[in-house]
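Asks: Quick one, structure.txt (compact mmCIF, C-alpha atoms and all ligand atoms):
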```txt
# COMPACT_ATOMS: atom_id res chain seq x y z
CA MET X 1 65.40 -13.10 -1.54
CA LYS X 2 61.79 -13.78 -0.51
CA ILE X 3 59.05 -13.86 -3.09
CA LEU X 4 55.32 -14.29 -2.59
CA VAL X 5 53.39 -16.10 -5.33
CA ILE X 6 49.66 -15.48 -5.59
CA ASN X 7 47.04 -17.36 -7.59
CA CYS X 8 43.77 -15.50 -7.27
CA GLY X 9 40.44 -17.08 -8.20
CA SER X 10 37.02 -15.45 -8.02
CA SER X 11 36.35 -16.75 -4.49
CA SER X 12 39.71 -18.20 -3.49
CA LEU X 13 43.33 -17.16 -3.23
CA LYS X 14 46.28 -19.55 -3.06
CA TYR X 15 49.71 -18.35 -1.99
CA GLN X 16 53.26 -19.59 -1.45
CA LEU X 17 56.18 -17.74 0.06
CA PHE X 18 59.53 -18.75 -1.45
CA ASP X 19 63.07 -18.28 -0.28
CA MET X 20 64.54 -17.87 -3.76
CA ASP X 21 68.15 -18.15 -2.63
CA ARG X 22 67.40 -21.84 -2.02
CA GLU X 23 64.19 -22.20 -4.06
CA GLN X 24 62.40 -23.43 -0.95
CA VAL X 25 58.78 -22.92 0.09
CA LEU X 26 58.73 -21.23 3.50
CA ALA X 27 54.94 -21.12 3.91
CA LYS X 28 51.80 -21.61 1.86
CA GLY X 29 48.09 -21.31 2.21
CA LEU X 30 44.63 -20.94 0.86
CA VAL X 31 41.99 -18.30 1.43
CA GLU X 32 38.63 -19.85 0.66
CA ARG X 33 35.05 -18.70 0.14
CA ILE X 34 35.90 -15.01 -0.31
CA GLY X 35 32.62 -13.07 -0.25
CA ILE X 36 30.69 -16.20 0.74
CA GLU X 37 29.57 -17.41 4.17
CA GLY X 38 32.08 -19.74 5.85
CA SER X 39 35.20 -17.98 4.60
CA ARG X 40 38.53 -19.05 6.09
CA ILE X 41 42.27 -18.97 5.71
CA LYS X 42 44.38 -22.12 5.98
CA HIS X 43 48.03 -21.29 6.49
CA THR X 44 50.92 -23.74 6.72
CA LYS X 45 54.46 -22.87 7.65
CA THR X 46 56.78 -25.51 6.16
CA GLY X 47 57.38 -28.19 8.80
CA GLN X 48 54.45 -27.15 10.98
CA ASP X 49 50.75 -28.14 11.18
CA ALA X 50 48.24 -26.04 9.25
CA VAL X 51 46.52 -23.20 11.12
CA VAL X 52 42.91 -22.60 10.07
CA THR X 53 41.20 -19.30 10.92
CA GLU X 54 37.52 -18.89 10.15
CA THR X 55 36.61 -15.26 9.77
CA ALA X 56 34.56 -12.97 7.53
CA ILE X 57 36.49 -12.29 4.29
CA PRO X 58 34.24 -10.03 2.23
CA ASP X 59 36.72 -9.30 -0.56
CA HIS X 60 40.21 -9.99 -1.95
CA LYS X 61 41.57 -6.93 -0.14
CA GLU X 62 40.74 -8.52 3.21
CA GLY X 63 42.10 -11.83 1.89
CA ILE X 64 45.48 -10.24 1.12
CA ARG X 65 45.49 -8.49 4.50
CA LEU X 66 45.02 -11.87 6.23
CA VAL X 67 47.76 -13.48 4.13
CA ILE X 68 50.21 -10.72 5.16
CA GLU X 69 49.12 -11.07 8.80
CA ALA X 70 49.70 -14.85 8.66
CA LEU X 71 53.12 -14.41 7.03
CA LEU X 72 54.18 -11.96 9.77
CA ASP X 73 52.79 -14.06 12.65
CA LYS X 74 55.40 -14.74 15.36
CA SER X 75 54.62 -18.47 15.71
CA HIS X 76 53.50 -19.64 12.27
CA GLY X 77 54.71 -16.81 10.04
CA ALA X 78 57.78 -16.80 7.80
CA LEU X 79 58.65 -13.09 7.53
CA SER X 80 60.08 -11.01 10.36
CA SER X 81 59.06 -7.79 8.60
CA LEU X 82 57.46 -6.74 5.33
CA GLY X 83 60.79 -5.24 4.27
CA GLU X 84 61.99 -8.83 3.75
CA LEU X 85 59.55 -9.32 0.89
CA THR X 86 61.33 -8.52 -2.39
CA ALA X 87 58.48 -9.01 -4.85
CA VAL X 88 55.09 -10.59 -5.54
CA GLY X 89 54.39 -12.79 -8.56
CA HIS X 90 50.85 -13.37 -9.82
CA ARG X 91 49.39 -16.10 -11.93
CA VAL X 92 47.29 -14.37 -14.58
CA VAL X 93 45.14 -16.49 -16.87
CA HIS X 94 44.81 -14.47 -20.06
CA ALA X 95 47.14 -12.03 -21.76
CA GLY X 96 45.67 -12.47 -25.24
CA GLU X 97 48.35 -11.67 -27.82
CA LYS X 98 49.70 -8.87 -25.66
CA PHE X 99 52.38 -10.77 -23.73
CA ALA X 100 54.45 -13.74 -24.84
CA ALA X 101 56.45 -13.72 -21.60
CA SER X 102 56.15 -12.65 -17.96
CA VAL X 103 56.25 -8.90 -17.25
CA ARG X 104 56.72 -6.39 -14.43
CA ILE X 105 53.29 -5.01 -13.64
CA ASP X 106 52.72 -1.29 -14.20
CA ALA X 107 49.77 0.88 -15.22
CA LYS X 108 50.19 -0.07 -18.91
CA VAL X 109 50.18 -3.79 -18.11
CA MET X 110 47.08 -3.37 -15.93
CA ALA X 111 45.30 -1.62 -18.79
CA ALA X 112 46.26 -4.49 -21.13
CA LEU X 113 44.96 -7.09 -18.65
CA LYS X 114 41.69 -5.20 -18.37
CA GLU X 115 41.41 -5.25 -22.16
CA CYS X 116 41.72 -9.05 -21.97
CA VAL X 117 38.73 -9.41 -19.59
CA PRO X 118 36.27 -10.24 -22.43
CA LEU X 119 38.58 -13.15 -23.36
CA ALA X 120 38.55 -14.57 -19.81
CA PRO X 121 35.53 -13.10 -18.02
CA LEU X 122 35.67 -15.67 -15.21
CA HIS X 123 39.39 -15.50 -14.51
CA ASN X 124 41.03 -12.16 -15.37
CA PRO X 125 38.80 -10.01 -13.10
CA ALA X 126 39.87 -12.12 -10.09
CA ASN X 127 43.55 -11.92 -11.11
CA ILE X 128 43.20 -8.13 -11.48
CA MET X 129 41.53 -7.85 -8.05
CA GLY X 130 44.47 -9.76 -6.54
CA ILE X 131 47.02 -7.40 -8.10
CA GLU X 132 45.05 -4.33 -6.99
CA ALA X 133 44.73 -5.66 -3.44
CA VAL X 134 48.51 -6.23 -3.26
CA THR X 135 49.19 -2.77 -4.74
CA GLU X 136 47.09 -1.25 -1.99
CA ALA X 137 48.59 -3.30 0.83
CA LEU X 138 52.21 -3.22 -0.39
CA PRO X 139 52.53 -0.15 -2.65
CA ASN X 140 56.32 -0.28 -2.83
CA VAL X 141 56.74 -3.97 -3.57
CA PRO X 142 57.32 -4.80 -7.28
CA GLN X 143 54.80 -7.19 -8.85
CA VAL X 144 55.16 -9.54 -11.81
CA GLY X 145 52.47 -11.13 -13.97
CA VAL X 146 52.99 -14.68 -15.28
CA PHE X 147 50.45 -15.69 -17.89
CA ASP X 148 48.85 -19.06 -18.65
CA THR X 149 48.64 -18.10 -22.31
CA ALA X 150 52.20 -16.78 -22.78
CA PHE X 151 54.01 -20.07 -23.51
CA HIS X 152 51.59 -20.81 -26.36
CA GLN X 153 52.27 -17.53 -28.19
CA THR X 154 54.85 -19.40 -30.30
CA MET X 155 52.10 -21.42 -32.04
CA PRO X 156 52.07 -20.84 -35.80
CA GLU X 157 49.01 -19.22 -37.38
CA SER X 158 48.12 -22.52 -39.03
CA ALA X 159 47.60 -23.99 -35.54
CA PHE X 160 45.73 -21.07 -33.98
CA ILE X 161 43.39 -19.79 -36.68
CA TYR X 162 39.85 -21.23 -36.65
CA GLY X 163 37.76 -21.90 -39.73
CA VAL X 164 35.44 -18.93 -39.15
CA PRO X 165 35.40 -15.60 -41.01
CA TYR X 166 38.85 -14.05 -40.55
CA GLY X 167 37.29 -10.74 -39.46
CA TYR X 168 36.38 -12.28 -36.08
CA TYR X 169 40.08 -12.76 -35.41
CA GLU X 170 40.83 -9.18 -36.42
CA LYS X 171 37.89 -7.65 -34.55
CA TYR X 172 37.61 -9.81 -31.42
CA GLY X 173 40.81 -11.83 -31.23
CA VAL X 174 38.92 -15.07 -31.93
CA ARG X 175 41.68 -17.72 -32.16
CA ARG X 176 43.24 -20.59 -30.24
CA TYR X 177 45.17 -19.28 -27.22
CA GLY X 178 45.76 -22.33 -25.05
CA PHE X 179 46.20 -22.41 -21.28
CA HIS X 180 48.26 -24.16 -18.54
CA GLY X 181 51.28 -22.68 -20.37
CA THR X 182 53.35 -22.33 -17.20
CA SER X 183 52.84 -26.02 -16.46
CA HIS X 184 53.59 -27.23 -20.00
CA TYR X 185 56.74 -25.09 -19.99
CA TYR X 186 57.91 -26.40 -16.62
CA VAL X 187 57.31 -30.11 -17.23
CA SER X 188 58.77 -30.10 -20.77
CA LYS X 189 61.93 -28.38 -19.52
CA ARG X 190 62.16 -30.71 -16.53
CA ALA X 191 61.65 -33.77 -18.78
CA ALA X 192 64.59 -32.69 -20.94
CA GLU X 193 66.72 -32.27 -17.79
CA ILE X 194 65.71 -35.72 -16.49
CA LEU X 195 66.51 -37.29 -19.86
CA GLY X 196 69.81 -35.40 -19.95
CA ARG X 197 69.15 -34.07 -23.45
CA PRO X 198 68.95 -30.48 -24.75
CA ILE X 199 65.33 -29.39 -25.08
CA GLU X 200 66.25 -27.72 -28.42
CA LYS X 201 66.62 -31.21 -29.85
CA LEU X 202 63.41 -32.74 -28.47
CA LYS X 203 59.82 -33.24 -29.62
CA ILE X 204 57.66 -33.64 -26.53
CA VAL X 205 53.92 -34.06 -25.92
CA THR X 206 52.98 -32.80 -22.46
CA CYS X 207 49.69 -34.00 -20.94
CA HIS X 208 48.48 -31.75 -18.12
CA LEU X 209 45.55 -33.75 -16.75
CA GLY X 210 43.78 -32.24 -13.76
CA ASN X 211 40.25 -30.93 -13.25
CA GLY X 212 41.02 -28.91 -16.33
CA SER X 213 43.23 -30.71 -18.83
CA SER X 214 45.28 -29.84 -21.88
CA VAL X 215 47.78 -31.54 -24.14
CA THR X 216 50.60 -29.57 -25.81
CA ALA X 217 53.08 -30.23 -28.60
CA VAL X 218 56.46 -28.82 -27.50
CA ARG X 219 59.01 -28.77 -30.30
CA GLU X 220 62.53 -27.54 -29.48
CA GLY X 221 61.22 -26.06 -26.22
CA LYS X 222 58.40 -24.09 -27.87
CA SER X 223 54.65 -24.73 -27.88
CA VAL X 224 53.56 -25.40 -31.46
CA ASP X 225 50.02 -26.59 -30.75
CA THR X 226 47.77 -27.15 -27.76
CA SER X 227 44.39 -28.75 -27.17
CA MET X 228 42.63 -25.92 -25.33
CA GLY X 229 41.42 -23.14 -27.55
CA PHE X 230 39.82 -19.71 -27.40
CA THR X 231 38.66 -20.84 -23.95
CA PRO X 232 39.64 -23.73 -21.65
CA LEU X 233 36.54 -25.65 -22.78
CA ALA X 234 38.19 -27.26 -25.80
CA GLY X 235 40.41 -30.33 -26.03
CA VAL X 236 40.36 -33.55 -24.04
CA LEU X 237 37.57 -34.60 -21.68
CA MET X 238 37.85 -32.84 -18.29
CA GLY X 239 36.25 -33.08 -14.84
CA THR X 240 33.12 -31.16 -15.82
CA ARG X 241 34.09 -29.61 -19.19
CA CYS X 242 33.12 -31.39 -22.37
CA GLY X 243 36.31 -30.90 -24.39
CA ASP X 244 36.05 -31.14 -28.18
CA ILE X 245 32.49 -31.47 -29.51
CA ASP X 246 30.73 -30.67 -32.75
CA PRO X 247 29.97 -26.92 -32.39
CA ALA X 248 26.53 -27.53 -33.95
CA LEU X 249 25.55 -29.21 -30.65
CA VAL X 250 25.23 -25.77 -29.04
CA ALA X 251 22.39 -24.72 -31.35
CA PHE X 252 20.81 -28.20 -31.27
CA ILE X 253 20.67 -28.41 -27.46
CA ALA X 254 19.59 -24.77 -27.10
CA GLU X 255 16.67 -25.32 -29.47
CA THR X 256 15.68 -28.79 -28.26
CA GLU X 257 15.94 -28.11 -24.53
CA LYS X 258 14.76 -24.49 -24.84
CA LEU X 259 17.94 -23.16 -23.25
CA SER X 260 19.71 -19.86 -23.83
CA VAL X 261 23.20 -19.92 -25.37
CA LYS X 262 24.54 -18.87 -21.95
CA GLU X 263 22.80 -21.82 -20.29
CA VAL X 264 24.22 -24.25 -22.85
CA ASP X 265 27.68 -22.76 -22.31
CA SER X 266 27.32 -23.23 -18.56
CA MET X 267 26.13 -26.85 -19.05
CA LEU X 268 29.13 -27.64 -21.27
CA ASN X 269 31.49 -26.15 -18.66
CA LYS X 270 29.90 -27.48 -15.48
CA LYS X 271 27.86 -30.55 -16.30
CA GLY X 272 29.84 -32.19 -19.08
CA GLY X 273 33.10 -34.08 -19.05
CA ILE X 274 33.71 -37.04 -16.76
CA LEU X 275 30.77 -35.96 -14.60
CA GLY X 276 28.44 -35.74 -17.58
CA ILE X 277 29.32 -39.15 -19.02
CA SER X 278 29.56 -41.07 -15.73
CA GLY X 279 26.72 -39.36 -13.87
CA VAL X 280 28.82 -40.21 -10.78
CA SER X 281 31.43 -37.51 -10.13
CA SER X 282 33.94 -35.15 -11.70
CA ASP X 283 36.67 -36.58 -9.48
CA LEU X 284 38.68 -39.25 -11.22
CA ARG X 285 39.26 -41.19 -8.01
CA ASP X 286 35.48 -41.77 -7.69
CA ILE X 287 35.34 -42.82 -11.35
CA GLU X 288 38.17 -45.32 -10.98
CA GLU X 289 36.41 -46.87 -7.96
CA ALA X 290 33.04 -46.99 -9.72
CA ALA X 291 34.68 -48.53 -12.81
CA LYS X 292 36.28 -51.20 -10.59
CA ARG X 293 32.82 -52.00 -9.23
CA GLY X 294 31.75 -52.50 -12.86
CA GLU X 295 29.76 -49.25 -13.32
CA PRO X 296 29.53 -49.14 -17.14
CA ARG X 297 29.34 -45.35 -17.60
CA SER X 298 32.33 -44.77 -15.34
CA LYS X 299 34.25 -47.31 -17.43
CA LEU X 300 33.10 -45.42 -20.53
CA ALA X 301 34.26 -42.06 -19.07
CA LEU X 302 37.75 -43.53 -18.53
CA GLN X 303 37.76 -44.85 -22.09
CA VAL X 304 36.60 -41.55 -23.64
CA LEU X 305 39.23 -39.67 -21.60
CA SER X 306 42.18 -41.89 -22.50
CA TYR X 307 41.06 -42.31 -26.14
CA GLY X 308 40.97 -38.50 -26.47
CA ILE X 309 44.47 -38.06 -25.01
CA LYS X 310 45.77 -40.88 -27.24
CA LYS X 311 44.41 -39.12 -30.34
CA TYR X 312 46.15 -35.87 -29.36
CA ILE X 313 49.46 -37.70 -28.86
CA GLY X 314 49.14 -39.16 -32.37
CA ALA X 315 48.09 -35.84 -33.88
CA TYR X 316 50.94 -33.94 -32.24
CA ALA X 317 53.52 -36.56 -33.23
CA ALA X 318 52.32 -35.88 -36.80
CA ALA X 319 52.37 -32.09 -36.25
CA MET X 320 55.96 -32.20 -34.99
CA GLY X 321 57.17 -34.81 -37.49
CA GLY X 322 58.25 -37.16 -34.70
CA LEU X 323 58.17 -37.76 -30.99
CA ASP X 324 60.84 -38.21 -28.30
CA ALA X 325 58.88 -38.04 -25.06
CA VAL X 326 55.40 -38.04 -23.56
CA VAL X 327 55.02 -36.34 -20.17
CA PHE X 328 52.14 -36.80 -17.72
CA THR X 329 51.43 -34.17 -15.07
CA ALA X 330 48.78 -32.59 -12.75
CA GLY X 331 46.34 -34.44 -10.43
CA VAL X 332 45.30 -37.17 -12.86
CA GLY X 333 48.55 -37.36 -14.86
CA GLU X 334 50.73 -37.60 -11.75
CA ASN X 335 48.53 -40.04 -9.87
CA SER X 336 46.46 -42.24 -12.16
CA SER X 337 48.46 -45.22 -13.40
CA THR X 338 45.18 -46.42 -14.96
CA VAL X 339 44.73 -43.36 -17.22
CA ARG X 340 48.43 -43.43 -18.17
CA ALA X 341 48.25 -47.13 -19.06
CA MET X 342 44.99 -46.79 -21.01
CA THR X 343 46.39 -43.78 -22.90
CA CYS X 344 49.65 -45.47 -23.93
CA GLU X 345 48.04 -48.81 -24.83
CA GLY X 346 48.17 -49.39 -28.58
CA LEU X 347 50.74 -46.66 -29.24
CA GLU X 348 53.62 -49.14 -29.52
CA PHE X 349 53.63 -48.53 -33.30
CA LEU X 350 54.80 -44.98 -32.53
CA GLY X 351 57.61 -46.34 -30.35
CA ILE X 352 55.72 -45.70 -27.10
CA GLU X 353 56.20 -48.65 -24.71
CA LEU X 354 54.98 -48.33 -21.14
CA ASP X 355 56.67 -50.39 -18.42
CA ARG X 356 53.74 -51.58 -16.30
CA SER X 357 55.74 -51.95 -13.10
CA LYS X 358 57.49 -48.56 -13.47
CA ASN X 359 54.06 -47.04 -14.11
CA ASP X 360 52.96 -48.15 -10.65
CA ILE X 361 53.94 -44.86 -9.00
CA ARG X 362 52.28 -41.60 -8.06
CA GLY X 363 53.27 -38.02 -7.47
CA LYS X 364 56.99 -38.20 -8.18
CA GLU X 365 59.38 -37.74 -11.09
CA ALA X 366 59.97 -40.97 -12.97
CA VAL X 367 60.65 -42.43 -16.40
CA ILE X 368 57.94 -45.07 -16.84
CA SER X 369 58.73 -46.39 -20.33
CA THR X 370 60.61 -49.64 -20.96
CA ASP X 371 64.38 -49.39 -21.39
CA THR X 372 63.97 -50.13 -25.10
CA SER X 373 61.08 -47.70 -25.72
CA LYS X 374 62.02 -45.29 -28.51
CA VAL X 375 59.78 -42.62 -27.01
CA LYS X 376 60.38 -41.97 -23.31
CA ILE X 377 57.33 -41.68 -21.07
CA LEU X 378 57.68 -39.56 -17.93
CA VAL X 379 55.73 -38.51 -14.88
CA VAL X 380 56.74 -35.00 -13.81
CA PRO X 381 54.83 -33.30 -10.97
CA THR X 382 54.11 -29.77 -12.12
CA ASP X 383 55.24 -26.70 -10.16
CA GLU X 384 53.67 -23.59 -11.62
CA GLU X 385 54.38 -21.59 -8.46
CA LEU X 386 58.13 -22.21 -8.78
CA VAL X 387 58.08 -20.93 -12.38
CA ILE X 388 56.20 -17.82 -11.23
CA ALA X 389 58.70 -17.28 -8.39
CA ARG X 390 61.67 -17.71 -10.79
CA ASP X 391 60.23 -15.27 -13.33
CA THR X 392 59.44 -12.80 -10.57
CA LYS X 393 63.01 -13.03 -9.30
CA ARG X 394 64.40 -12.60 -12.82
CA LEU X 395 62.29 -9.48 -13.44
CA THR X 396 62.96 -7.84 -10.09
CA PRO X 397 66.19 -5.93 -9.50
CA GLY X 398 68.19 -7.41 -6.62
CA PRO X 399 68.40 -5.71 -3.21
P1 LIG W 401 43.18 -28.53 -10.91
O1 LIG W 401 42.96 -28.55 -12.39
O2 LIG W 401 42.00 -28.08 -10.13
O3 LIG W 401 44.50 -27.90 -10.49
P2 LIG W 401 44.44 -31.03 -10.08
O4 LIG W 401 45.62 -30.95 -10.95
O5 LIG W 401 44.62 -30.93 -8.61
O6 LIG W 401 43.28 -30.07 -10.54
O7 LIG W 401 43.74 -32.44 -10.40
C1 LIG W 401 42.56 -32.82 -9.80
C2 LIG W 401 42.19 -34.19 -10.32
O8 LIG W 401 43.23 -35.12 -9.97
C3 LIG W 401 40.89 -34.75 -9.75
O9 LIG W 401 40.05 -35.21 -10.76
C4 LIG W 401 41.36 -35.93 -8.93
O10 LIG W 401 40.44 -36.97 -9.02
C5 LIG W 401 42.63 -36.34 -9.61
N1 LIG W 401 43.45 -37.12 -8.67
C6 LIG W 401 44.08 -36.67 -7.55
N2 LIG W 401 44.66 -37.71 -6.91
C7 LIG W 401 44.38 -38.83 -7.62
C8 LIG W 401 44.69 -40.23 -7.47
N3 LIG W 401 45.39 -40.65 -6.43
N4 LIG W 401 44.22 -41.07 -8.42
C9 LIG W 401 43.51 -40.63 -9.46
N5 LIG W 401 43.19 -39.34 -9.66
C10 LIG W 401 43.61 -38.46 -8.75
```
Written as structure tokens, that's how I'd like the structure from this file.
Ligand code: ADP
Replies:
Amino acid sequence: MKILVINCGSSSLKYQLFDMDREQVLAKGLVERIGIEGSRIKHTKTGQDAVVTETAIPDHKEGIRLVIEALLDKSHGALSSLGELTAVGHRVVHAGEKFAASVRIDAKVMAALKECVPLAPLHNPANIMGIEAVTEALPNVPQVGVFDTAFHQTMPESAFIYGVPYGYYEKYGVRRYGFHGTSHYYVSKRAAEILGRPIEKLKIVTCHLGNGSSVTAVREGKSVDTSMGFTPLAGVLMGTRCGDIDPALVAFIAETEKLSVKEVDSMLNKKGGILGISGVSSDLRDIEEAAKRGEPRSKLALQVLSYGIKKYIGAYAAAMGGLDAVVFTAGVGENSSTVRAMTCEGLEFLGIELDRSKNDIRGKEAVISTDTSKVKILVVPTDEELVIARDTKRLTPGP
């Protein structure tokens, strides 16, 4: 069974073709700069060099057409005919309170996703365009939507209601939703498997630290709290997003700097975070190098980042009434032994003991706590595409 997984952004489109009988990636690629000059498709068949084609890609429809063409190519493709493709799974950012699990896409689901556009104005329109482009190109192929918000729908009201007039929740759906759900689900489940313990018996804090970052409390396999909120701006410090701040700052900066609310929002999303504090870069590799050279604000950015994650671990241990494992994932979590070490330092009182030599790894599954550590610390590379492919398989009738 072959399944195509698509992650559509506003100007990019990532894809992976899976053979789901063996859970293997047959080919993957990236369509970049859709609707912008310099657009291109980079396609890689597993085991071969990448093939880059620069060509005009005015919209997602053309992007999908090029993906299909690449997948059918005689030399670097991975499908002999379109009939081989059983289904397409899409990453969709926001499903509001409408879906707590993945679903087969039909007209009703599309209408629901459109209703969620005000909740995710930057993401859902691109996801919808991707689904529509596939519907047009492959009208008979079933499609499945897998939502970033779905895993967090198990949060109790006490964790998702904000201290604003309740009517805003009723009228506009103002509440904590949380994101990266597919990743938190995957790494918590994988951590339980690695530890050889049933997830129903575990209290896990998962730290997805990438350009965007979020920390989640997973109790008995269910999300009970998460650091991102109504939008992905809340929580720990990110590449360019500020994370948690005093909301009064929005009015203060707008008035003082004579900026509109929209401009302040854009600043907090694009000019804050690690970039904002360091003044150097949003990329953690640059910050680690600058900190090594003694750059004080890069050192500070690392401290603010790890201090913030540390506080969430403590808060979520309290929320769950205990802690069995801490999991690090995504670009920073999988690769930065520095951030992992700075985060875990001082948490020995909670039973969290990092083994410094085991921590000296990147990009692979590992238990990095000491043998005697009460709380296990793990690195688990995330695989959101595999979760999407599995859900798509599960929701698609077999051939
Ligand atoms: P996204 O949220 O865009 O999916 P990723 O999960 O790919 O992001 O994470 C990107 C981040 O991972 C960047 O800030 C990058 O600096 C960081 N990163 C990648 N490799 C390393 C590394 N070897 N050491 C430290 N940080 C790394």
Asks: Dump as CSV the rows for residues of chain X within 6 Å of ligand LIG 401 (chain W): closest atom pair and distance in Å with one decimal, only C-alpha atoms and all ligand atoms counted, ordered by chain and rising residue number.
Replies:
```
residue,atom,partner,partner_atom,distance
X:Gly210,CA,W:LIG401,O7,3.4
X:Asn211,CA,W:LIG401,O1,3.7
X:Gly212,CA,W:LIG401,O1,4.4
X:Gly239,CA,W:LIG401,O9,6.0
X:Asp283,CA,W:LIG401,O10,3.8
X:Leu284,CA,W:LIG401,O10,3.6
X:Arg285,CA,W:LIG401,O10,4.5
X:Ala330,CA,W:LIG401,O4,4.0
X:Gly331,CA,W:LIG401,O8,3.2
X:Val332,CA,W:LIG401,O8,4.1
X:Asn335,CA,W:LIG401,C8,4.5
X:Ser336,CA,W:LIG401,C9,4.3
```
Asks: Using only C-alpha atoms for the distances, tell me which of X:Val52, X:Lys98, X:Val88, X:Thr231 is nearest to Asn140 in chain X.
Replies: X:Val88
Asks: Using only C-alpha atoms, give me every residue within 7 Å of (40.5, -18.4, -31.5) in file coordinates, as a VMD selection string.
Replies: chain X and resid 160 to 162 169 173 to 177 229 to 230
Asks: Using all atoms listed in the file, which of the listed residues (X:Gly221, X:Tyr316, X:Lys270, X:Asp391) sits closest to Arg197 in chain X?
Replies: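 The answer is X:Gly221, which sits nearest to Arg197 in chain X.
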Asks: With distances taken over all atoms listed in the file, which residue among X:Val280, X:Phe179, X:Ile313, X:Glu115 lies nearest Ser298 in chain X?
Replies: X:Val280
Asks: Extract, using all atoms listed in the file, all DNA, RNA and protein residues at most 8 Å from Tyr307 in chain X, discarding same-chain residues fewer than 4 positions from it, and format them as JSON, numbers by chain.
Replies: {"X": [303, 311, 342, 343]}
Asks: Could you state the separation of CA of Gln24 in chain X and CA of Pro397 in chain X in Å, given to one decimal place?
Replies: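 It comes out at 19.8 Å.
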Asks: Can you tell me how far CA of Asp106 in chain X sits from CA of Asp73 in chain X, in Å to one decimal?
Replies: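 Rounded to one decimal, the two atoms are 29.7 Å apart.
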Asks: Pick from X:Ala191, X:Val367, X:Ala389, X:Leu323: nearest to Met20 in chain X, with all atoms listed in the file counted?
Replies: X:Ala389
Asks: Can you measure CA of Val379 in chain X to CA of Ala291 in chain X for me? One decimal in Å is fine.
Replies: 23.4 Å
Asks: Take the point (57.5, -10.6, -8.5) in the file's coordinates, draw a sphere of radius 10 Å around it, and report as a VMD selection string every protein, DNA or RNA residue with an atom inside or on it, counting all atoms listed in the file.
Replies: chain X and resid 2 to 6 85 to 90 102 to 105 141 to 146 388 to 397
Asks: Point out the residue among X:Val327, X:Ala133, X:Val250, X:Leu113 with the least atom-to-atom distance to Ser214 in chain X, counting all atoms listed in the file.
Replies: X:Val327
Asks: Got a sec: who's within 12 Å of Thr226 in chain X, counting all atoms listed in the file, leaving out chain neighbours fewer than 6 positions off, as a PyMOL selection string?
Replies: chain X and resi 149+151-156+159-160+176-181+184+204-208+213-219+232+234-236+309+312-313+315-316+319
